[in-house]
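Note sheet for the following structure.
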Amino acid sequence: EYKNKNNYKENFVTKWKNLFDPEGTGSISLQTFCDTLGLNIKEVKENRAKVVQSSRKRMPDGVQIISADMEENLQIDVVHIAIKAVDDHAKLQDSVKQIKQECDSQFGKLFHAIIVRGQYWAYYSYEPGYNFAFKIGSNIFIIFRTPELN
């Protein structure tokens, strides 16, 4: 299928198998792959580790965390949702609606989203583990979840 999709010649698979699986085991080891291509396996493993590390989620630049009672991966997801919402809309009232809806959709109800500029004072209740306030540029985002009432 891969061969056909990429318009490779009929003998492509046979050549590949002969190069990387000369004993016909049905699998290609990293050692055989590196030996065949003349690569240093230690360097390949180190480079792969760097790529895997860099692909992990991280907080975007320019985010100032004000307070957080939320798991770091969830914080990162929320920040990306907020950035996208602000980019998607000219009015912050539309952005804040998108943030709330997206958080509800991805992480379960009942999320609340507030965007303010400048100083603010707030006192509110939230579900433990689901409160996050952060600043990007002149916008302060307060995102929290309250438990659903049964």
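Residues in the structure tokens are named by chain (A, B, ... in the order shown) and by number from 1 within that chain; ligands are numbered from 1 in the order shown.
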
**Request:** Check the DSSP output for the backbone and give back, as JSON, numbers by chain, the residues of chain A in alpha helix (DSSP H).
**Result:** {"A": [2, 3, 4, 5, 12, 13, 14, 15, 16, 17, 18, 19, 20, 30, 31, 32, 33, 34, 35, 36, 37, 41, 42, 43, 44, 45, 46, 47, 48, 49, 50, 51, 52, 53, 54, 55, 72, 73, 74, 75, 76, 77, 78, 79, 80, 81, 82, 83, 84, 85, 86, 87, 88, 92, 93, 94, 95, 96, 97, 98, 99, 100, 101, 102, 103, 104, 105, 106, 107]}

Counting only C-alpha atoms, what are the residues of range 14-121 of chain A within 8 Å of range 133-137 of chain A, and for each of them which pair of atoms is the nearest and at what distance in Å, to one decimal? Sort the table by chain and rising number, as CSV.
```
residue,atom,partner,partner_atom,distance
A:Gly62,CA,A:Ile136,CA,6.1
A:Val63,CA,A:Ile136,CA,5.1
A:Gln64,CA,A:Lys135,CA,5.0
A:Ile65,CA,A:Phe134,CA,4.3
A:Ile66,CA,A:Phe134,CA,4.9
A:Ser67,CA,A:Ala133,CA,5.2
A:Ala68,CA,A:Ala133,CA,6.2
```

**Asked** Which residue gives the smallest distance to Arg58 in chain A among A:Pro128, A:Lys45, A:Tyr8, A:Asn73, with only C-alpha atoms counted?
**Response** A:Asn73

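Non-sequential neighbours of Ser95 in chain A (distance at most 12 Å, separation of 2 or more positions within a chain, only C-alpha atoms) are Ile81, Ala82, Ile83, Lys84, Ala85, Val86, Asp87, Asp88, His89, Ala90, Lys91, Leu92, Gln93, Lys97, Gln98, Ile99, Lys100, Gln101, Glu102, Ala113, Ile114, Ile115, Val116, Asn139 and Phe141 of chain A.
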
**Message:** Could you tell me how far CA of Pro147 in chain A sits from CA of Glu71 in chain A, in Å to one decimal place?
**Reply:**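 Value for the CA of Glu71 in chain A-CA of Pro147 in chain A distance: 16.9 Å.
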
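Atom pair CA of Ile76 in chain A / CA of Ile142 in chain A has a distance of 13.8 Å (rounded to one decimal).
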
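Relative to CA of Gly38 in chain A, CA of Thr25 in chain A is found at 20.9 Å.
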
**Request:** With a distance cut-off of 7 Å and only C-alpha atoms, select the neighbouring residues of Thr146 in chain A, excluding the residue or stretch itself and same-chain residues fewer than 2 positions from it, and output the selection as a PyMOL selection string.
**Result:** chain A and resi 110-111+126-127+144+148

Preceding selection exported with N, CA, C and O atoms as a tab-separated table (two decimals), in the first residue's frame:
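Now in out-v3.tsv:
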```tsv
chain	number	residue	atom	x	y	z
A	110	LEU	N	-18.25	21.73	34.47
A	110	LEU	CA	-18.73	23.07	34.24
A	110	LEU	C	-17.57	24.04	34.38
A	110	LEU	O	-17.23	24.47	35.47
A	111	PHE	N	-16.98	24.42	33.26
A	111	PHE	CA	-15.88	25.39	33.27
A	111	PHE	C	-16.44	26.81	33.17
A	111	PHE	O	-17.51	27.04	32.61
A	126	TYR	N	-14.13	26.72	43.49
A	126	TYR	CA	-13.85	25.90	42.31
A	126	TYR	C	-13.60	24.46	42.73
A	126	TYR	O	-13.32	24.19	43.90
A	127	GLU	N	-13.70	23.58	41.79
A	127	GLU	CA	-13.40	22.18	42.03
A	127	GLU	C	-11.89	22.04	42.21
A	127	GLU	O	-11.12	22.52	41.37
A	144	PHE	N	-11.68	28.22	35.55
A	144	PHE	CA	-11.89	27.29	36.65
A	144	PHE	C	-13.13	26.45	36.38
A	144	PHE	O	-13.95	26.77	35.53
A	148	GLU	N	-20.37	19.63	38.95
A	148	GLU	CA	-21.77	19.54	38.51
A	148	GLU	C	-22.64	19.21	39.71
A	148	GLU	O	-22.26	18.42	40.57
```
